[in-house]
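J.: What follows is work-v2.cif, mmCIF, C-alpha atoms.
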data_model
#
loop_
_atom_site.label_atom_id
_atom_site.label_comp_id
_atom_site.auth_asym_id
_atom_site.auth_seq_id
_atom_site.Cartn_x
_atom_site.Cartn_y
_atom_site.Cartn_z
CA MET A 1 37.83 9.44 31.31
CA ALA A 2 37.04 13.11 31.85
CA ASP A 3 37.56 15.40 28.89
CA ARG A 4 40.73 17.47 29.10
CA GLN A 5 40.85 21.11 28.18
CA PRO A 6 43.03 21.92 25.15
CA ALA A 7 46.63 22.85 25.93
CA GLY A 8 46.92 26.55 26.52
CA ARG A 9 43.53 26.83 28.19
CA LYS A 10 43.29 28.10 31.76
CA GLU A 11 42.58 25.37 34.28
CA ALA A 12 39.72 26.04 36.69
CA GLY A 13 40.81 27.71 39.90
CA VAL A 14 44.27 28.74 38.65
CA PRO A 15 44.86 32.51 38.96
CA LEU A 16 45.57 34.35 35.73
CA TRP A 17 48.98 35.45 36.96
CA ARG A 18 49.99 31.77 37.11
CA HIS A 19 48.55 30.96 33.68
CA ARG A 20 51.68 30.93 31.52
CA PRO A 21 50.17 31.47 28.02
CA PHE A 22 48.13 34.45 29.19
CA VAL A 23 51.06 35.97 31.11
CA ILE A 24 53.26 35.67 28.01
CA PHE A 25 50.58 37.26 25.84
CA LEU A 26 49.91 40.07 28.32
CA THR A 27 53.63 40.88 28.65
CA GLY A 28 54.08 41.22 24.91
CA TYR A 29 50.84 43.18 24.60
CA ALA A 30 51.86 45.61 27.35
CA LEU A 31 55.27 46.26 25.76
CA SER A 32 53.60 46.83 22.39
CA ALA A 33 51.14 49.25 24.00
CA VAL A 34 54.06 51.22 25.46
CA GLY A 35 55.56 51.33 21.97
CA ASP A 36 52.24 52.61 20.60
CA SER A 37 52.39 55.46 23.12
CA PHE A 38 55.89 56.30 21.88
CA PHE A 39 54.63 56.30 18.28
CA GLU A 40 51.58 58.46 18.96
CA LEU A 41 53.60 61.04 20.86
CA ALA A 42 56.51 61.04 18.39
CA LEU A 43 54.30 61.39 15.33
CA ALA A 44 52.04 64.08 16.81
CA TRP A 45 55.04 66.08 17.98
CA TYR A 46 56.84 65.71 14.64
CA VAL A 47 53.78 66.80 12.65
CA TYR A 48 53.19 69.80 14.91
CA VAL A 49 56.83 70.91 14.85
CA GLN A 50 57.00 70.61 11.06
CA SER A 51 53.67 72.31 10.34
CA GLY A 52 52.83 74.41 13.40
CA SER A 53 49.21 73.40 12.75
CA SER A 54 46.90 71.77 15.28
CA LEU A 55 44.55 71.05 12.38
CA GLN A 56 47.17 68.80 10.77
CA VAL A 57 47.60 66.99 14.08
CA ALA A 58 43.80 66.49 14.16
CA GLY A 59 43.99 65.04 10.65
CA VAL A 60 46.16 62.24 12.02
CA GLY A 61 43.39 61.42 14.51
CA VAL A 62 40.80 61.37 11.73
CA ALA A 63 42.90 58.84 9.79
CA PHE A 64 42.85 56.63 12.89
CA GLN A 65 39.07 56.87 13.28
CA LEU A 66 38.39 56.19 9.61
CA ALA A 67 40.55 53.07 9.59
CA TYR A 68 38.91 51.83 12.78
CA THR A 69 35.41 52.27 11.37
CA LEU A 70 35.92 51.21 7.76
CA ILE A 71 38.34 48.33 8.12
CA GLY A 72 36.95 46.55 11.19
CA PRO A 73 34.19 44.56 9.41
CA ILE A 74 36.50 43.68 6.51
CA ALA A 75 39.22 42.54 8.88
CA GLY A 76 36.73 40.40 10.76
CA VAL A 77 35.73 38.43 7.67
CA TYR A 78 39.28 37.54 6.69
CA ALA A 79 40.50 36.99 10.25
CA ASP A 80 37.80 34.33 10.67
CA ARG A 81 39.24 32.50 7.66
CA TRP A 82 42.75 32.44 9.06
CA ASP A 83 44.49 30.86 12.02
CA ARG A 84 44.19 33.22 15.01
CA ARG A 85 47.74 32.87 16.30
CA ARG A 86 49.42 33.20 12.91
CA THR A 87 47.35 36.26 12.10
CA LEU A 88 48.42 37.99 15.31
CA ILE A 89 52.09 37.23 14.64
CA ALA A 90 51.89 38.39 11.02
CA CYS A 91 50.17 41.65 12.00
CA ASP A 92 52.84 42.49 14.58
CA VAL A 93 55.69 41.66 12.20
CA LEU A 94 54.15 43.81 9.44
CA ARG A 95 53.42 46.74 11.76
CA GLY A 96 56.97 46.62 13.08
CA ALA A 97 58.36 46.65 9.53
CA LEU A 98 56.13 49.58 8.54
CA VAL A 99 57.13 51.71 11.53
CA ALA A 100 60.80 50.83 11.00
CA ALA A 101 60.55 51.95 7.36
CA VAL A 102 58.93 55.22 8.46
CA ALA A 103 61.73 55.73 11.01
CA VAL A 104 64.36 55.34 8.27
CA LEU A 105 62.46 57.73 5.97
CA THR A 106 62.09 60.31 8.75
CA TRP A 107 65.79 60.04 9.61
CA ARG A 108 67.06 60.33 6.03
CA GLU A 109 64.64 62.66 4.25
CA GLY A 110 61.93 63.79 6.65
CA LEU A 111 58.33 62.55 6.73
CA PRO A 112 55.87 64.35 4.42
CA TYR A 113 52.43 65.00 5.89
CA TRP A 114 50.71 62.71 3.40
CA ALA A 115 53.10 59.93 4.47
CA ALA A 116 52.21 60.50 8.12
CA ILE A 117 48.50 60.16 7.30
CA ALA A 118 49.14 57.07 5.16
CA THR A 119 51.26 55.51 7.91
CA VAL A 120 48.53 55.93 10.52
CA PHE A 121 45.87 54.54 8.19
CA LEU A 122 47.99 51.52 7.21
CA LEU A 123 48.97 50.84 10.81
CA GLU A 124 45.37 50.97 11.98
CA THR A 125 44.26 48.86 9.01
CA THR A 126 46.68 46.13 10.07
CA GLY A 127 45.78 46.86 13.68
CA GLN A 128 42.15 46.03 13.02
CA PHE A 129 43.14 42.55 11.83
CA PHE A 130 45.14 42.23 15.06
CA ASN A 131 42.35 43.57 17.31
CA VAL A 132 39.57 41.30 16.08
CA SER A 133 41.90 38.28 16.05
CA GLN A 134 43.07 39.08 19.58
CA LYS A 135 39.52 39.22 20.94
CA ALA A 136 38.83 35.82 19.36
CA PHE A 137 42.21 34.41 20.48
CA ILE A 138 41.79 35.14 24.20
CA PRO A 139 38.96 32.56 24.67
CA LEU A 140 41.32 29.95 23.17
CA ILE A 141 43.89 30.39 25.94
CA VAL A 142 41.67 31.51 28.84
CA ALA A 143 38.74 29.46 30.14
CA ARG A 144 35.29 31.01 30.28
CA GLU A 145 35.37 31.79 33.98
CA GLY A 146 38.57 33.81 33.54
CA LEU A 147 37.46 36.01 30.63
CA VAL A 148 36.31 39.03 32.65
CA GLY A 149 39.57 39.06 34.58
CA ALA A 150 41.62 38.58 31.39
CA ASN A 151 39.87 41.44 29.61
CA GLY A 152 40.29 43.59 32.69
CA ALA A 153 44.02 42.81 32.85
CA ILE A 154 44.43 43.66 29.16
CA SER A 155 42.59 46.95 29.71
CA ALA A 156 44.75 47.73 32.75
CA ALA A 157 47.91 47.00 30.77
CA ARG A 158 46.78 49.28 27.95
CA GLN A 159 45.92 52.15 30.29
CA SER A 160 49.13 51.71 32.29
CA ALA A 161 51.08 51.82 29.06
CA GLY A 162 49.31 55.07 28.22
CA ILE A 163 50.37 56.62 31.52
CA GLY A 164 53.98 55.43 31.53
CA GLY A 165 54.49 55.32 27.77
CA HIS A 166 53.58 58.94 27.17
CA THR A 167 55.75 60.07 30.08
CA VAL A 168 58.83 58.07 29.07
CA GLY A 169 58.11 58.65 25.38
CA GLY A 170 58.18 62.40 25.94
CA LEU A 171 61.62 62.11 27.53
CA VAL A 172 62.90 59.87 24.72
CA VAL A 173 61.61 62.15 21.96
CA SER A 174 62.95 65.23 23.75
CA ALA A 175 66.41 63.66 24.13
CA TRP A 176 66.84 61.79 20.85
CA GLY A 177 64.06 63.00 18.55
CA ALA A 178 61.00 61.46 16.91
CA VAL A 179 63.04 58.77 15.15
CA ALA A 180 63.94 57.19 18.51
CA GLY A 181 60.26 56.92 19.43
CA LEU A 182 59.48 55.30 16.09
CA VAL A 183 62.30 52.76 16.46
CA ALA A 184 61.10 51.87 19.97
CA ASP A 185 57.60 51.22 18.62
CA ALA A 186 58.92 48.99 15.80
CA VAL A 187 60.90 46.89 18.28
CA SER A 188 57.87 46.60 20.59
CA PHE A 189 55.81 45.10 17.76
CA TRP A 190 58.44 42.45 17.12
CA VAL A 191 58.66 41.62 20.83
CA SER A 192 54.88 41.17 20.86
CA ALA A 193 55.10 38.86 17.82
CA LEU A 194 57.74 36.79 19.61
CA SER A 195 55.59 36.50 22.73
CA ILE A 196 52.63 35.18 20.73
CA TRP A 197 54.92 32.76 18.86
CA LEU A 198 55.92 31.29 22.24
CA ILE A 199 52.28 30.40 22.98
CA ARG A 200 51.34 26.95 21.76
CA VAL A 201 47.67 26.41 20.89
CA PRO A 202 46.54 23.12 19.30
CA PRO A 203 45.49 23.55 15.63
CA ALA A 204 42.00 22.34 16.46
CA SER A 205 41.64 25.22 18.91
CA SER A 206 43.31 28.00 16.98
CA ASP A 207 41.66 27.19 13.67
CA ALA A 208 38.90 29.72 13.14
CA SER A 209 36.96 27.32 10.93
CA GLN A 210 36.05 25.05 13.83
CA GLY A 211 32.40 24.69 14.69
CA ASP A 212 29.44 23.86 12.48
CA PRO A 213 30.81 22.65 9.11
CA GLY A 214 27.74 24.15 7.51
CA ASP A 215 29.09 27.59 8.35
CA ARG A 216 31.71 27.25 5.62
CA ARG A 217 29.17 26.10 3.03
CA ARG A 218 26.78 28.91 3.90
CA ALA A 219 29.69 31.34 3.61
CA GLY A 220 29.67 30.80 -0.14
CA ASP A 221 32.59 28.40 -0.67
CA GLY A 222 30.87 26.70 -3.62
CA PRO A 223 32.54 26.91 -7.06
CA ARG A 224 29.84 29.21 -8.44
CA ALA A 225 30.02 31.70 -5.60
CA GLY A 226 32.00 34.82 -6.39
CA ALA A 227 34.46 36.42 -4.00
CA TRP A 228 32.13 39.31 -3.22
CA ALA A 229 29.17 37.00 -2.66
CA ARG A 230 31.25 34.96 -0.26
CA PHE A 231 32.48 38.08 1.54
CA TRP A 232 28.98 39.49 2.10
CA SER A 233 27.65 36.09 3.09
CA GLU A 234 30.34 35.74 5.74
CA LEU A 235 29.78 39.30 6.95
CA ARG A 236 26.07 38.59 7.33
CA GLU A 237 26.93 35.54 9.44
CA GLY A 238 28.91 37.81 11.73
CA TRP A 239 25.96 40.15 12.01
CA ALA A 240 23.60 37.23 12.65
CA ALA A 241 25.78 36.14 15.58
CA ILE A 242 25.10 39.57 17.10
CA ALA A 243 21.50 40.13 16.09
CA THR A 244 20.13 36.72 17.06
CA VAL A 245 21.38 36.83 20.67
CA PRO A 246 19.23 39.28 22.68
CA LEU A 247 21.90 40.11 25.28
CA VAL A 248 24.67 40.70 22.74
CA ARG A 249 22.35 42.74 20.52
CA THR A 250 21.24 44.90 23.44
CA LEU A 251 24.79 45.55 24.68
CA VAL A 252 26.03 46.47 21.19
CA PHE A 253 23.17 48.93 20.75
CA PHE A 254 23.99 50.35 24.17
CA ALA A 255 27.73 50.63 23.38
CA VAL A 256 27.03 52.73 20.28
CA PHE A 257 25.37 55.42 22.37
CA LEU A 258 27.71 55.02 25.34
CA ASN A 259 30.74 55.71 23.15
CA ALA A 260 29.04 58.65 21.42
CA VAL A 261 28.17 60.26 24.74
CA PHE A 262 31.63 59.52 26.17
CA ALA A 263 33.21 61.19 23.12
CA MET A 264 31.56 64.46 24.20
CA ILE A 265 33.85 64.57 27.24
CA GLU A 266 37.28 64.90 25.62
CA PRO A 267 36.95 68.24 23.77
CA VAL A 268 35.63 69.89 26.96
CA PHE A 269 38.69 68.91 29.06
CA PRO A 270 40.74 72.10 28.45
CA ALA A 271 37.79 74.44 29.04
CA TYR A 272 36.79 72.56 32.18
CA VAL A 273 40.28 72.85 33.70
CA THR A 274 40.59 76.52 32.71
CA HIS A 275 37.14 77.87 33.59
CA GLN A 276 35.76 75.43 36.17
CA LEU A 277 38.92 74.61 38.12
CA HIS A 278 40.73 77.88 37.26
CA LEU A 279 44.02 76.05 36.74
CA GLY A 280 46.58 75.62 33.95
CA ALA A 281 47.99 72.96 31.63
CA TRP A 282 49.62 70.98 34.47
CA ALA A 283 46.17 70.29 35.94
CA PHE A 284 44.94 69.22 32.49
CA GLY A 285 47.56 66.47 32.42
CA VAL A 286 46.90 65.38 36.00
CA VAL A 287 43.13 65.15 35.49
CA GLN A 288 43.56 63.02 32.38
CA SER A 289 46.04 60.80 34.22
CA THR A 290 43.62 60.16 37.08
CA LEU A 291 41.06 58.87 34.58
CA LEU A 292 43.69 56.44 33.30
CA VAL A 293 44.68 55.45 36.83
CA GLY A 294 41.04 54.70 37.61
CA SER A 295 40.82 52.65 34.42
CA VAL A 296 43.84 50.60 35.52
CA ALA A 297 42.23 49.97 38.91
CA GLY A 298 38.94 49.05 37.26
CA GLY A 299 40.68 46.61 34.93
CA LEU A 300 42.41 44.90 37.85
CA LEU A 301 39.19 44.76 39.88
CA ALA A 302 37.05 43.49 37.01
CA GLY A 303 37.91 39.83 37.50
CA TRP A 304 37.03 39.83 41.21
CA LEU A 305 33.85 41.83 40.64
CA GLY A 306 32.89 39.51 37.79
CA ARG A 307 32.97 36.58 40.20
CA ALA A 308 31.22 38.39 43.06
CA VAL A 309 28.39 40.17 41.23
CA ALA A 310 25.92 38.91 38.63
CA THR A 311 27.00 40.03 35.15
CA GLY A 312 23.98 42.14 34.26
CA ARG A 313 23.86 43.88 37.61
CA LEU A 314 27.59 44.63 37.39
CA VAL A 315 27.16 46.31 33.99
CA ILE A 316 24.24 48.37 35.29
CA ALA A 317 26.10 49.40 38.46
CA SER A 318 29.24 50.34 36.50
CA VAL A 319 27.33 52.55 34.07
CA LEU A 320 25.39 54.23 36.87
CA GLY A 321 28.59 54.78 38.85
CA PHE A 322 30.31 56.31 35.84
CA GLY A 323 27.37 58.59 35.14
CA LEU A 324 27.00 59.79 38.72
CA ALA A 325 30.75 60.51 38.92
CA VAL A 326 30.61 62.65 35.77
CA VAL A 327 27.58 64.56 37.12
CA ALA A 328 29.53 65.29 40.31
CA ILE A 329 32.54 66.38 38.25
CA GLY A 330 30.35 68.92 36.49
CA LEU A 331 29.17 70.33 39.82
CA THR A 332 32.49 70.65 41.65
CA GLY A 333 35.11 73.35 41.43
CA SER A 334 37.64 71.49 43.58
CA PHE A 335 40.68 70.14 41.76
CA VAL A 336 41.29 67.38 44.32
CA LEU A 337 37.67 66.23 44.29
CA ALA A 338 37.52 66.37 40.50
CA ALA A 339 40.66 64.22 40.24
CA LEU A 340 39.20 61.63 42.62
CA LEU A 341 35.92 61.60 40.73
CA TRP A 342 37.70 61.09 37.41
CA ALA A 343 39.42 58.07 38.95
CA VAL A 344 36.00 56.69 39.99
CA ALA A 345 34.70 57.30 36.47
CA GLY A 346 37.69 55.39 35.09
CA VAL A 347 36.89 52.40 37.30
CA GLY A 348 33.30 52.30 36.04
CA LEU A 349 34.38 52.62 32.42
CA ALA A 350 36.98 49.83 32.62
CA VAL A 351 34.69 47.39 34.46
CA THR A 352 31.92 47.98 31.93
CA GLY A 353 34.24 47.31 29.00
CA ALA A 354 35.76 44.16 30.50
CA VAL A 355 32.39 42.60 31.38
CA VAL A 356 30.69 43.45 28.08
CA GLN A 357 33.58 42.02 26.08
CA ALA A 358 33.58 38.83 28.14
CA VAL A 359 29.85 38.39 27.50
CA ASP A 360 30.46 38.72 23.76
CA GLN A 361 33.32 36.19 23.91
CA ILE A 362 31.11 33.70 25.75
CA LEU A 363 28.01 33.99 23.57
CA ILE A 364 29.49 34.49 20.08
CA PRO A 365 30.65 31.25 18.37
CA GLN A 366 34.41 31.03 17.83
CA ALA A 367 33.95 30.40 14.09
CA VAL A 368 32.41 33.88 13.55
CA MET A 369 33.93 35.76 16.48
CA ALA A 370 36.35 37.96 14.52
CA ARG A 371 33.59 39.04 12.13
CA ALA A 372 31.30 39.87 15.01
CA PHE A 373 33.95 41.89 16.83
CA GLY A 374 34.83 43.73 13.63
CA LEU A 375 31.20 44.82 13.30
CA ILE A 376 30.94 45.63 17.02
CA SER A 377 34.07 47.82 16.84
CA ALA A 378 32.84 49.64 13.74
CA ALA A 379 29.42 50.23 15.30
CA GLY A 380 31.00 51.44 18.53
CA MET A 381 33.07 54.03 16.67
CA ALA A 382 30.36 55.09 14.24
CA LEU A 383 28.88 57.94 16.30
CA MET A 384 32.04 58.98 18.15
CA PRO A 385 33.01 61.73 15.66
CA LEU A 386 29.50 63.16 16.01
CA GLY A 387 29.76 63.00 19.79
CA THR A 388 33.10 64.81 19.69
CA LEU A 389 31.67 67.59 17.53
CA VAL A 390 28.57 67.93 19.71
CA GLY A 391 30.69 68.13 22.86
CA GLY A 392 32.91 70.79 21.30
CA TYR A 393 29.88 72.82 20.23
CA LEU A 394 28.15 72.59 23.60
CA ALA A 395 31.33 73.85 25.29
CA THR A 396 30.99 77.07 23.25
CA VAL A 397 27.41 77.77 24.35
CA MET A 398 27.37 76.28 27.88
CA ALA A 399 29.64 76.27 30.90
CA PRO A 400 31.97 73.22 30.75
CA GLY A 401 30.62 71.95 34.07
CA SER A 402 27.11 72.02 32.63
CA VAL A 403 28.26 69.93 29.68
CA TYR A 404 29.71 67.31 32.02
CA ALA A 405 26.57 67.29 34.15
CA LEU A 406 24.51 66.76 30.99
CA VAL A 407 26.77 63.92 29.83
CA GLY A 408 26.62 62.32 33.28
CA LEU A 409 22.84 62.49 33.34
CA ALA A 410 22.73 60.83 29.91
CA MET A 411 24.91 58.02 31.30
CA VAL A 412 22.65 57.63 34.34
CA LEU A 413 19.64 57.44 32.02
CA MET A 414 21.37 54.68 30.03
CA GLY A 415 22.02 52.78 33.25
CA LEU A 416 18.35 53.06 34.23
CA VAL A 417 17.28 51.86 30.78
CA LEU A 418 19.56 48.84 31.14
CA ALA A 419 18.18 48.21 34.63
CA GLY A 420 14.70 48.12 33.12
CA ASN A 421 15.75 45.56 30.50
CA ALA A 422 14.95 42.06 31.76
CA VAL A 423 17.56 40.41 29.50
CA VAL A 424 20.40 42.55 30.87
CA ARG A 425 19.16 42.56 34.45
CA GLY A 426 18.95 38.77 34.58
CA ALA A 427 22.25 37.98 32.82
CA ASP A 428 24.81 36.03 34.83
CA ALA A 429 28.00 34.49 33.43
CA ARG A 430 29.47 33.41 36.77
CA VAL A 431 30.62 29.82 37.19
CA GLN A 432 28.52 27.77 39.56
CA ALA A 433 29.93 25.56 42.29
CA GLY A 434 29.33 22.47 40.17
CA GLY A 435 31.40 23.81 37.28
CA GLY A 436 28.58 25.02 35.07
CA VAL A 437 27.83 28.55 33.97
CA GLU A 438 24.65 30.46 34.64
CA ALA A 439 22.51 30.93 31.56
CA LEU A 440 22.99 34.20 29.72
#
Take the structure in the file and give it back as structure tokens.
T.:
Amino acid sequence: MADRQPAGRKEAGVPLWRHRPFVIFLTGYALSAVGDSFFELALAWYVYVQSGSSLQVAGVGVAFQLAYTLIGPIAGVYADRWDRRRTLIACDVLRGALVAAVAVLTWREGLPYWAAIATVFLLETTGQFFNVSQKAFIPLIVAREGLVGANGAISAARQSAGIGGHTVGGLVVSAWGAVAGLVADAVSFWVSALSIWLIRVPPASSDASQGDPGDRRRAGDGPRAGAWARFWSELREGWAAIATVPLVRTLVFFAVFLNAVFAMIEPVFPAYVTHQLHLGAWAFGVVQSTLLVGSVAGGLLAGWLGRAVATGRLVIASVLGFGLAVVAIGLTGSFVLAALLWAVAGVGLAVTGAVVQAVDQILIPQAVMARAFGLISAAGMALMPLGTLVGGYLATVMAPGSVYALVGLAMVLMGLVLAGNAVVRGADARVQAGGGVEAL
């Protein structure tokens, strides 16, 4: 008798939109992402109105970055010890309760600045447990051949939520105040928790401890092993899952620099719109929106491209396309052309992210996947603050278009380096006609 896939897994040949567990998960995730947009807008607006200081608003962003970088590896260790599905549900319930408590505090007494910073840090701390568990949960409900498309759909949902959520959130906050935005976010977390609860995954599949039984012994479970020894042992196993696989190791190293260079773009946006396009704040919003629109399109196209083009070549082409689009953005003074080019850049960025994440999900063992993704996330964020500062400084000594051209050239150089790497160039995760998967 042929082996059956575990319940909840995607059957071969069935489109993702007909795969009930994934559709349920994606619906809850999208609603939660809209709620996040409400929260971000409501909190930033509240802090600015209360303080009148852009620096205090920036402090909220720093709290987010610190939590993302510091907590990711820790979250990965513990998330690998726990059931994936239960962890996701618990994180959403806790985040909803935290935001609801902040909404009540803001309504009754006002939210002190220190409480706003603490709220962001605690939310992102819990969010890191959710993020690493989510990345490890998706391969439990989606078969290998559907991972690129699933990651692309999740990315598209997140970017779409950013576009619609900020627009609707602005109207909600304007009409009913910041408290309404906070309440909406709390409810969205609980809806997401309910959607994950509706997904049934067999214990053998959702248990993170599956795999080589020796993994648990090597993790330091013996009676003489202390808690810290066990923690560091498990963290090293997560790192080993990255470092011992040439393709994963190469792509992680690449992502560190890609994110740092990409971070140089954001602080130059206002100067670019003002001095290169000679337009006002309305154009600033439109240009940013076209990047998000392109990211949505890229997320939706990722699954089809992942089946049509060899994995390594798709990553290389996406990076090169992104870089060339940014170079062209730096050279043009046309608003319409710049908007179109930002959309192209968004496509390249989304496809790259979806494919790279799918490769990691395929090659990293399920038993250590959360730890590995925690380390990958922390590494990816590590140089972003530096990139942001460098981009801001360059915009004071160079024309904004020149900064973009420089960033684009750096991206093109990264694409050429990847093209010269035999491991990346030869990687292919597409499913063969006989049901197998090309070697990565």
J.: May I have the residues within 12 Å of range 28-31 of chain A as an MDAnalysis selection string, using all atoms listed in the file and disregarding those fewer than 3 positions away in the same chain?
T.: chainID A and resid 21:25 34:38 88:89 92 130:131 134 153:165 184:199
J.: Please determine, counting all atoms listed in the file, which residue among A:Gly280, A:Gly181, A:Gly312, A:Pro400 has the shortest atom-to-atom distance to Trp107 in chain A.
T.: A:Gly181
J.: With range 293-303 of chain A as the partner and 12 Å as the cut-off, tabulate the residues of range 12-116 of chain A that qualify, each row holding the nearest pair of atoms and their distance in Å to one decimal, using only C-alpha atoms, sorted by chain and rising number, as CSV.
T.:
residue,atom,partner,partner_atom,distance
A:Pro15,CA,A:Gly303,CA,10.2
A:Leu16,CA,A:Gly303,CA,9.6
A:Trp17,CA,A:Leu300,CA,11.5
J.: I would like the residues chosen by the PyMOL selection byres ((chain A and resi 72) around 8) on the shown file; could you give them as a PDB file with C-alpha atoms, in the frame of the given file?
T.:
ATOM      1  CA  ALA A  67      40.550  53.070   9.590  1.00  0.00           C
ATOM      2  CA  TYR A  68      38.910  51.830  12.780  1.00  0.00           C
ATOM      3  CA  THR A  69      35.410  52.270  11.370  1.00  0.00           C
ATOM      4  CA  LEU A  70      35.920  51.210   7.760  1.00  0.00           C
ATOM      5  CA  ILE A  71      38.340  48.330   8.120  1.00  0.00           C
ATOM      6  CA  PRO A  73      34.190  44.560   9.410  1.00  0.00           C
ATOM      7  CA  ILE A  74      36.500  43.680   6.510  1.00  0.00           C
ATOM      8  CA  ALA A  75      39.220  42.540   8.880  1.00  0.00           C
ATOM      9  CA  GLY A  76      36.730  40.400  10.760  1.00  0.00           C
ATOM     10  CA  THR A 125      44.260  48.860   9.010  1.00  0.00           C
ATOM     11  CA  GLN A 128      42.150  46.030  13.020  1.00  0.00           C
ATOM     12  CA  PHE A 129      43.140  42.550  11.830  1.00  0.00           C
ATOM     13  CA  VAL A 132      39.570  41.300  16.080  1.00  0.00           C
ATOM     14  CA  PHE A 373      33.950  41.890  16.830  1.00  0.00           C
ATOM     15  CA  GLY A 374      34.830  43.730  13.630  1.00  0.00           C
ATOM     16  CA  LEU A 375      31.200  44.820  13.300  1.00  0.00           C
ATOM     17  CA  SER A 377      34.070  47.820  16.840  1.00  0.00           C
ATOM     18  CA  ALA A 378      32.840  49.640  13.740  1.00  0.00           C
TER      19      ALA A 378
END
J.: Please determine, counting only C-alpha atoms, which residue among A:Gly306, A:Ala325, A:Met381, A:Arg371 has the shortest atom-to-atom distance to Glu145 in chain A.
T.: A:Gly306
J.: Just so the selection is clear, what residues does the PyMOL selection byres ((chain A and resi 136) around 8) cover here, as number ranges by chain?
T.: A: 84, 132-135, 137-140, 361, 366, 369-370
J.: What is the CA of Leu43 in chain A to CA of Pro385 in chain A distance in Å?
T.: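 Here the two named atoms are 21.3 Å from each other.
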J.: I need the output of the PyMOL selection byres ((chain A and resi 106) around 10) for this file as a ChimeraX atom specification; which residues are they?
T.: /A:46,100-105,107-112,115-116,178-179,182
J.: One decimal, in Å: what's the spacing between CA of Met411 in chain A and CA of Arg425 in chain A?
T.: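 Computing the Euclidean distance for CA of Met411 in chain A and CA of Arg425 in chain A yields 16.8 Å.
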J.: Please determine, counting all atoms listed in the file, which residue among A:Ser32, A:Thr332, A:Ser318, A:Asn259 has the shortest atom-to-atom distance to Leu416 in chain A.
T.: A:Ser318
J.: At what distance in Å, to one decimal, does CA of Val201 in chain A lie from CA of Leu123 in chain A?
T.: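 Atom-to-atom, CA of Leu123 in chain A and CA of Val201 in chain A are spaced 26.5 Å apart.
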J.: Identify which of the residues A:Leu66, A:Val99, A:Ala143, A:Val412 lies closest to Phe121 in chain A, counting all atoms listed in the file when measuring atom-to-atom distances.
T.: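 Residue with the minimum atom-to-atom distance to Phe121 in chain A: A:Leu66.
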J.: Can you tell me which residues surround Leu291 in chain A at a distance of at most 12 Å, considering only C-alpha atoms, apart from same-chain residues fewer than 5 positions away, and format the answer as an MDAnalysis selection string?
T.: chainID A and resid 156 159:160 162:163 265:266 269 284:286 296:298 322 325:326 329 338:350
J.: Select, from A:Thr126, A:Leu94, A:Leu292, A:Val77, the residue with the minimum atom-to-atom distance to Trp228 in chain A, counting all atoms listed in the file.
T.: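 Answer, going by the shortest atom-to-atom distance: A:Val77.
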